[in-house]
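Chemist: My questions will all concern the structure given below.
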There are 2 protein chains.
Amino acid sequence: MTNISIITIGDELLIGQVIDTNSAWMAQELNKAGFWVNRRLAIGDSREDILNALEKESTESEVILITGGLGPTADDITKPVLCEYFNTSLVVNEAALENVKNIFVKILQRPLIERNLKQAEVPASCIVIQNKRGTAPGMLFEKNGKTFISMPGVPHEMKGMMTDDVIPFLHKRFGEAFIAHRTILTSGIGESALADFIQEFESALAPEIKLAYLPNYGMVRLRLTVTGKQAEGLESLLNERFGQLKSLVGEWMVTDEDRTLQEVLGKMLTERNQTLSTAESCTGGYVAHLITSIPGSSVYFRGSVIAYDNEIKKELLDVDPGLLSAYGAVSEEVVRSMVAGILQHMQTDFAIATSGIMGPGGGSEKKPVGTVWIAAGDARETFTQKLWFRFDRQRNIELTSANVLNLLRRFILSRRPPDGLPDLIN
Amino acid sequence: MTNISIITIGDELLIGQVIDTNSAWMAQELNKAGFWVNRRLAIGDSREDILNALEKESTESEVILITGGLGPTADDITKPVLCEYFNTSLVVNEAALENVKNIFVKILQRPLIERNLKQAEVPASCIVIQNKRGTAPGMLFEKNGKTFISMPGVPHEMKGMMTDDVIPFLHKRFGEAFIAHRTILTSGIGESALADFIQEFESALAPEIKLAYLPNYGMVRLRLTVTGKQAEGLESLLNERFGQLKSLVGEWMVTDEDRTLQEVLGKMLTERNQTLSTAESCTGGYVAHLITSIPGSSVYFRGSVIAYDNEIKKELLDVDPGLLSAYGAVSEEVVRSMVAGILQHMQTDFAIATSGIMGPGGGSEKKPVGTVWIAAGDARETFTQKLWFRFDRQRNIELTSANVLNLLRRFILSRRPPDGLPDLIN
């Protein structure tokens, strides 16, 4: 399998001002395409560090992919450093120049300044990869049998270049190794207990197959990966083991596809032709955001009332003021009433509700920070659950959202599907 | 300045299934504390790769921080590999064992299995850092004058250990270098034009001061950083240059603090004692999520109606059906009407609205994917703006949300503040 190193360049990564989502995306796409990312390295906008990284990574991997530091400002030094490393100098690339002019004059309708024209300069010895989405071109070099490809750090520019040019090039240049993954999302069992439960299965796996545990938001994703020279034999071996794993995991399985919980729900609701709304207090719109991040969600998601203020709970969700004063906003009674209210207003088949104390402030002895009530139901019945998290605000919001989506999934599975649909949808 | 390498261990990072937010957070905290993160490296759960990384990074940095691979399952191999690298073997740590027992028996009330007990084993030669938030202890080693610290990869466990133990230890061990940042968030001007505009300022900066451009969501953050042995002289130099930069940037400045737009808005609204609500269609709750991600937002944020479906726009936001059929949901008229409707229902001082086509489906020739209308206003007036993005769904949602929050900021600044408050709040 061809080994790849990814080098991400930019001081902003080293002071943590920016989270590196680029190299995660690249790793995902390369992996799907049968390449193995060996190392991901982030370094600063420093000549010495870039030269050092180029030299060292080329001893670790066959291919070195580089992003960042190609912008038009003085802190972007990747291009001159590449010239130094490959012992060449900058020349104007005519196609890149046309592209820069076109973007500024035709698309942005902004005056073209000297600084932008510099974007069309490239090291003389590289193969230029034209940028269809921005001004900085990509650059491909070969040295001592290793391949180096430099791309801009702007995510959608890098992504376009990877899909259109880089991955097809790598396929042509290095051929295809075979890699395949099968994933199960589980819920309701911890990582250790799960590992114990499937210990025998795991230790009997052939060396070509690797099992990984990926815990996230209180759920554990199990991933089986097979790698080898060709698909033959391996794919059927993987499928066989995957079938065994599925029967072992049984009721803990949320889905046997590599999907998020919100994708699983979207598929269930679309297939059932049923609709959903949310009434959110403590999650402040995050549940609705997760649902609407899925393309096509407008088919089953009608909307939401975010009732951060208790007055809004009364006025837009018809929560009885008596319940609020008797039990408080963070209570089983109130989330139940929020589900009833939103079902009434949005006229959906299902609804979910959240109410809790996300912190850092707002806790009390009886209801400490992290106390949450969630509910999921329809016009006839509502499931409720009390949760208690001990994390920071952001994680409390994320965990509450994941839990209420899972509660809804379980609720929907407990219902008879509309006529004509099979009993279990997954 | 003490150089630090961060090594993150886990196959999930190399196949891109998980985005590495840990090392960004670590870099941020270390940087604030006066340490320089030199390199951030992600590698897989492989013995050879871990040994190789420990050896190589110790030639690059004085301190090597390691996270991940300490879980209880078979793919977590960091601990035995550390034993091999430091030529030692595993022993049970009594305090760690007490901690594991306490977590399972008292807190989780789950049976304790053999696998969990293994979490209390540590390499004999390390200094143990007790984990107050989970079962896997931290481990500190010294070798050839370099310091190695291994921490669990679970974010809140790592964060607690960094704050309580690791950063205080590093301070004691390496003393403190001086580092300070000043940040300006700008809006309304591109990176290149801004760089041109402040070119003279930038080229006249002393070598101790570095200027970085950090573009994000259509805004550019400018960061001045000074580093040196001690604060004396440097802090006043930094402040002087920062003052110059601020007057240069002038009206493009959103804030001169290292805050997000939603934090800036939260501060404005809190100081003015005014309230906000949102009416979201295409952003599907993401604007409300950004607002409610700020602790204390319940003081000024009352709630939101997410009207994904046109029927909900009519029923819960009183949008005139005539407007919807005449202009369509993605129109200036409809976002204006959504602002009026939510102001009425939520009784807030200000409100914002979004309606657009986020893609990948739903576009037409007249209104292609990426077409968005946004609005911000109060009972007397509303600002509206048409946007057109050419990105993917997620980025379109994020950019729309950033733009509408900025439109609101400009709207609030254009209003006379309530009596007794100064004219410009920033």
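Here's how to read the names in the structure tokens: chain A, B, ... by the order shown, residue numbers from 1 in each chain, ligand numbers from 1 in the order shown.
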Please report as a count of residues only which residues of chain B come no farther than 7 Å from chain A, using only C-alpha atoms.

Modeler: 51

Chemist: List the neighbours of Thr147 in chain A out to 12 Å using only C-alpha atoms; skip same-chain residues closer than 5 positions along the sequence, and give me the result as a VMD selection string.

Modeler: chain A and resid 2 to 6 54 57 to 59 61 to 66 86 126 to 127 139 to 142 166 169 to 170 173 to 174

Chemist: Those residues with N, CA and C atoms, as a compact mmCIF listing (two decimals), in the first residue's frame please?

Modeler:
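Okay, out.txt is ready:
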# COMPACT_ATOMS: atom_id res chain seq x y z
N THR A 2 0.50 2.22 -0.82
CA THR A 2 1.29 3.45 -0.90
C THR A 2 1.09 4.29 0.36
N ASN A 3 2.20 4.65 1.00
CA ASN A 3 2.14 5.48 2.20
C ASN A 3 2.15 6.96 1.84
N ILE A 4 1.32 7.72 2.55
CA ILE A 4 1.23 9.15 2.30
C ILE A 4 1.45 9.91 3.60
N SER A 5 2.23 11.00 3.53
CA SER A 5 2.30 11.96 4.64
C SER A 5 1.54 13.22 4.23
N ILE A 6 0.78 13.78 5.16
CA ILE A 6 0.12 15.06 4.91
C ILE A 6 0.81 16.11 5.77
N LEU A 54 9.74 18.63 4.81
CA LEU A 54 9.79 18.05 3.46
C LEU A 54 10.83 16.93 3.42
N GLU A 57 9.69 13.90 6.00
CA GLU A 57 8.51 13.13 5.58
C GLU A 57 8.81 12.30 4.33
N SER A 58 9.75 12.79 3.49
CA SER A 58 10.06 12.01 2.29
C SER A 58 10.84 10.75 2.63
N THR A 59 11.35 10.65 3.86
CA THR A 59 11.96 9.38 4.26
C THR A 59 10.91 8.44 4.85
N SER A 61 7.40 8.40 3.70
CA SER A 61 6.29 8.07 2.81
C SER A 61 6.68 8.25 1.34
N GLU A 62 5.90 7.62 0.46
CA GLU A 62 6.16 7.77 -0.98
C GLU A 62 5.59 9.07 -1.52
N VAL A 63 4.48 9.50 -0.92
CA VAL A 63 3.80 10.70 -1.40
C VAL A 63 3.69 11.69 -0.25
N ILE A 64 4.00 12.96 -0.50
CA ILE A 64 3.89 13.99 0.51
C ILE A 64 2.90 15.04 -0.01
N LEU A 65 1.76 15.14 0.65
CA LEU A 65 0.76 16.14 0.27
C LEU A 65 0.87 17.32 1.23
N ILE A 66 0.87 18.52 0.66
CA ILE A 66 1.11 19.72 1.46
C ILE A 66 -0.05 20.68 1.24
N PHE A 86 13.37 22.50 -4.03
CA PHE A 86 13.50 21.82 -5.32
C PHE A 86 14.48 22.54 -6.26
N CYS A 126 7.86 22.59 -11.53
CA CYS A 126 6.68 21.80 -11.12
C CYS A 126 5.70 21.59 -12.26
N ILE A 127 4.85 20.58 -12.09
CA ILE A 127 3.69 20.43 -12.96
C ILE A 127 2.56 21.20 -12.28
N MET A 139 0.74 22.48 -7.14
CA MET A 139 2.05 22.23 -7.72
C MET A 139 2.51 20.82 -7.42
N LEU A 140 2.95 20.11 -8.45
CA LEU A 140 3.39 18.73 -8.29
C LEU A 140 4.88 18.62 -8.61
N PHE A 141 5.65 18.01 -7.72
CA PHE A 141 7.09 17.84 -7.91
C PHE A 141 7.45 16.36 -7.75
N GLU A 142 8.55 15.95 -8.40
CA GLU A 142 9.11 14.63 -8.15
C GLU A 142 10.57 14.84 -7.74
N VAL A 166 -5.80 15.24 -7.89
CA VAL A 166 -4.78 14.55 -7.11
C VAL A 166 -5.07 13.05 -6.98
N PHE A 169 -4.62 11.26 -10.23
CA PHE A 169 -3.19 11.15 -10.52
C PHE A 169 -2.54 10.02 -9.71
N LEU A 170 -2.87 9.97 -8.41
CA LEU A 170 -2.26 8.95 -7.55
C LEU A 170 -2.65 7.54 -8.01
N ARG A 173 -0.58 6.76 -11.04
CA ARG A 173 0.85 6.66 -10.74
C ARG A 173 1.17 5.44 -9.89
N PHE A 174 0.30 5.12 -8.93
CA PHE A 174 0.65 4.07 -7.96
C PHE A 174 -0.24 2.83 -8.03

Chemist: Which polymer residues have any atom within 10 Å of an atom of Leu265 in chain B, counting only C-alpha atoms, with same-chain residues fewer than 6 positions away left out, as a tab-separated table (two decimals) with C-alpha atoms, in the first residue's frame?

Modeler:
chain	number	residue	atom	x	y	z
B	259	ARG	CA	-13.71	37.11	20.48
B	271	GLU	CA	-24.52	45.90	28.12
B	276	LEU	CA	-32.84	38.90	20.61
B	291	ILE	CA	-25.82	32.34	20.03
B	297	SER	CA	-26.85	33.87	26.52
B	300	TYR	CA	-30.50	38.24	26.01
B	405	LEU	CA	-24.87	37.87	12.89
B	406	ASN	CA	-22.68	40.58	11.37
B	408	LEU	CA	-27.31	42.33	13.21
B	409	ARG	CA	-24.15	43.83	14.71
B	412	ILE	CA	-27.48	47.46	16.45
B	426	ASN	CA	-17.51	47.59	21.12

Chemist: Which residues are close to range 224-239 of chain A, i.e. within 9 Å by only C-alpha atoms, leaving aside same-chain residues fewer than 3 positions away? Reply as a ChimeraX atom specification.

Modeler: /A:1,34,176-184,207-212,242-244

Chemist: Please, could you write that set of residues out with N, CA and C atoms as an mmCIF file, in the first residue's frame?

Modeler:
data_model
loop_
_atom_site.group_PDB
_atom_site.id
_atom_site.type_symbol
_atom_site.label_atom_id
_atom_site.label_comp_id
_atom_site.auth_asym_id
_atom_site.auth_seq_id
_atom_site.Cartn_x
_atom_site.Cartn_y
_atom_site.Cartn_z
ATOM 1 N N MET A 1 0.854 -1.204 0.000
ATOM 2 C CA MET A 1 0.000 0.000 0.000
ATOM 3 C C MET A 1 0.882 1.243 0.000
ATOM 4 N N GLY A 34 -8.017 3.777 -1.290
ATOM 5 C CA GLY A 34 -7.053 2.691 -1.183
ATOM 6 C C GLY A 34 -5.640 3.118 -0.843
ATOM 7 N N GLU A 176 -3.845 0.709 -7.656
ATOM 8 C CA GLU A 176 -4.788 0.691 -6.556
ATOM 9 C C GLU A 176 -4.536 -0.482 -5.634
ATOM 10 N N ALA A 177 -4.388 -0.213 -4.354
ATOM 11 C CA ALA A 177 -4.395 -1.290 -3.374
ATOM 12 C C ALA A 177 -5.850 -1.482 -2.976
ATOM 13 N N PHE A 178 -6.140 -2.626 -2.354
ATOM 14 C CA PHE A 178 -7.511 -2.844 -1.935
ATOM 15 C C PHE A 178 -7.667 -2.553 -0.447
ATOM 16 N N ILE A 179 -8.651 -1.729 -0.117
ATOM 17 C CA ILE A 179 -8.981 -1.464 1.277
ATOM 18 C C ILE A 179 -10.504 -1.390 1.375
ATOM 19 N N ALA A 180 -11.059 -1.970 2.401
ATOM 20 C CA ALA A 180 -12.507 -1.880 2.587
ATOM 21 C C ALA A 180 -12.829 -1.809 4.071
ATOM 22 N N HIS A 181 -13.859 -1.044 4.403
ATOM 23 C CA HIS A 181 -14.290 -0.894 5.789
ATOM 24 C C HIS A 181 -15.744 -1.336 5.913
ATOM 25 N N ARG A 182 -16.089 -1.870 7.088
ATOM 26 C CA ARG A 182 -17.500 -2.076 7.447
ATOM 27 C C ARG A 182 -17.663 -1.514 8.853
ATOM 28 N N THR A 183 -18.731 -0.784 9.062
ATOM 29 C CA THR A 183 -18.885 -0.087 10.327
ATOM 30 C C THR A 183 -20.232 -0.373 10.975
ATOM 31 N N ILE A 184 -20.217 -0.555 12.284
ATOM 32 C CA ILE A 184 -21.453 -0.694 13.064
ATOM 33 C C ILE A 184 -21.475 0.422 14.099
ATOM 34 N N PRO A 207 -5.055 -11.817 10.227
ATOM 35 C CA PRO A 207 -4.182 -10.630 10.307
ATOM 36 C C PRO A 207 -4.528 -9.534 9.296
ATOM 37 N N GLU A 208 -5.205 -9.870 8.200
ATOM 38 C CA GLU A 208 -5.567 -8.836 7.217
ATOM 39 C C GLU A 208 -6.701 -7.958 7.719
ATOM 40 N N ILE A 209 -7.375 -8.394 8.797
ATOM 41 C CA ILE A 209 -8.544 -7.655 9.273
ATOM 42 C C ILE A 209 -8.245 -6.989 10.613
ATOM 43 N N LYS A 210 -8.587 -5.723 10.693
ATOM 44 C CA LYS A 210 -8.333 -4.960 11.911
ATOM 45 C C LYS A 210 -9.664 -4.469 12.478
ATOM 46 N N LEU A 211 -9.808 -4.545 13.790
ATOM 47 C CA LEU A 211 -11.030 -4.041 14.429
ATOM 48 C C LEU A 211 -10.689 -2.793 15.236
ATOM 49 N N ALA A 212 -11.424 -1.715 15.023
ATOM 50 C CA ALA A 212 -11.183 -0.494 15.799
ATOM 51 C C ALA A 212 -12.440 -0.083 16.547
ATOM 52 N N PHE A 242 -18.129 -9.497 9.223
ATOM 53 C CA PHE A 242 -19.053 -8.417 9.539
ATOM 54 C C PHE A 242 -20.410 -8.979 9.947
ATOM 55 N N GLY A 243 -20.843 -10.013 9.246
ATOM 56 C CA GLY A 243 -22.106 -10.674 9.590
ATOM 57 C C GLY A 243 -22.049 -11.244 11.003
ATOM 58 N N GLN A 244 -20.917 -11.870 11.338
ATOM 59 C CA GLN A 244 -20.755 -12.427 12.694
ATOM 60 C C GLN A 244 -20.802 -11.320 13.742
#

Chemist: Report the residues of range 304-366 of chain A whose backbone DSSP state falls under strand (DSSP E or B), written as number ranges by chain.

Modeler: A: 304-307, 350-356

Chemist: Based on the selection just made, write C-alpha atoms of those residues as a PDB file, in the first residue's frame.

Modeler:
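Listed below is the output, out-v8.pdb:
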ATOM      1  CA  SER A 304     -38.642  23.853  15.591  1.00  0.00           C
ATOM      2  CA  VAL A 305     -39.441  26.165  18.439  1.00  0.00           C
ATOM      3  CA  ILE A 306     -36.412  27.072  20.499  1.00  0.00           C
ATOM      4  CA  ALA A 307     -37.873  28.156  23.801  1.00  0.00           C
ATOM      5  CA  PHE A 350     -43.041  12.769  15.846  1.00  0.00           C
ATOM      6  CA  ALA A 351     -41.446  15.392  18.060  1.00  0.00           C
ATOM      7  CA  ILE A 352     -38.570  15.680  20.504  1.00  0.00           C
ATOM      8  CA  ALA A 353     -37.874  18.034  23.390  1.00  0.00           C
ATOM      9  CA  THR A 354     -34.876  18.992  25.545  1.00  0.00           C
ATOM     10  CA  SER A 355     -34.532  20.953  28.772  1.00  0.00           C
ATOM     11  CA  GLY A 356     -31.453  21.097  30.973  1.00  0.00           C
TER      12      GLY A 356
END

Chemist: Considering only C-alpha atoms, return as a list of chain:residue names whatever protein or nucleic-acid residues lie within 10 Å of Thr78 in chain B, sequence-local ones (same chain, fewer than 6 positions apart) excluded.

Modeler: B:Ile9, B:Gly10, B:Asp45, B:Ser46, B:Arg47, B:Ile50, B:Leu51, B:Ile66, B:Thr67, B:Gly68, B:Gly69, B:Leu70, B:Gly71, B:Glu84, B:Ser150, B:Pro152
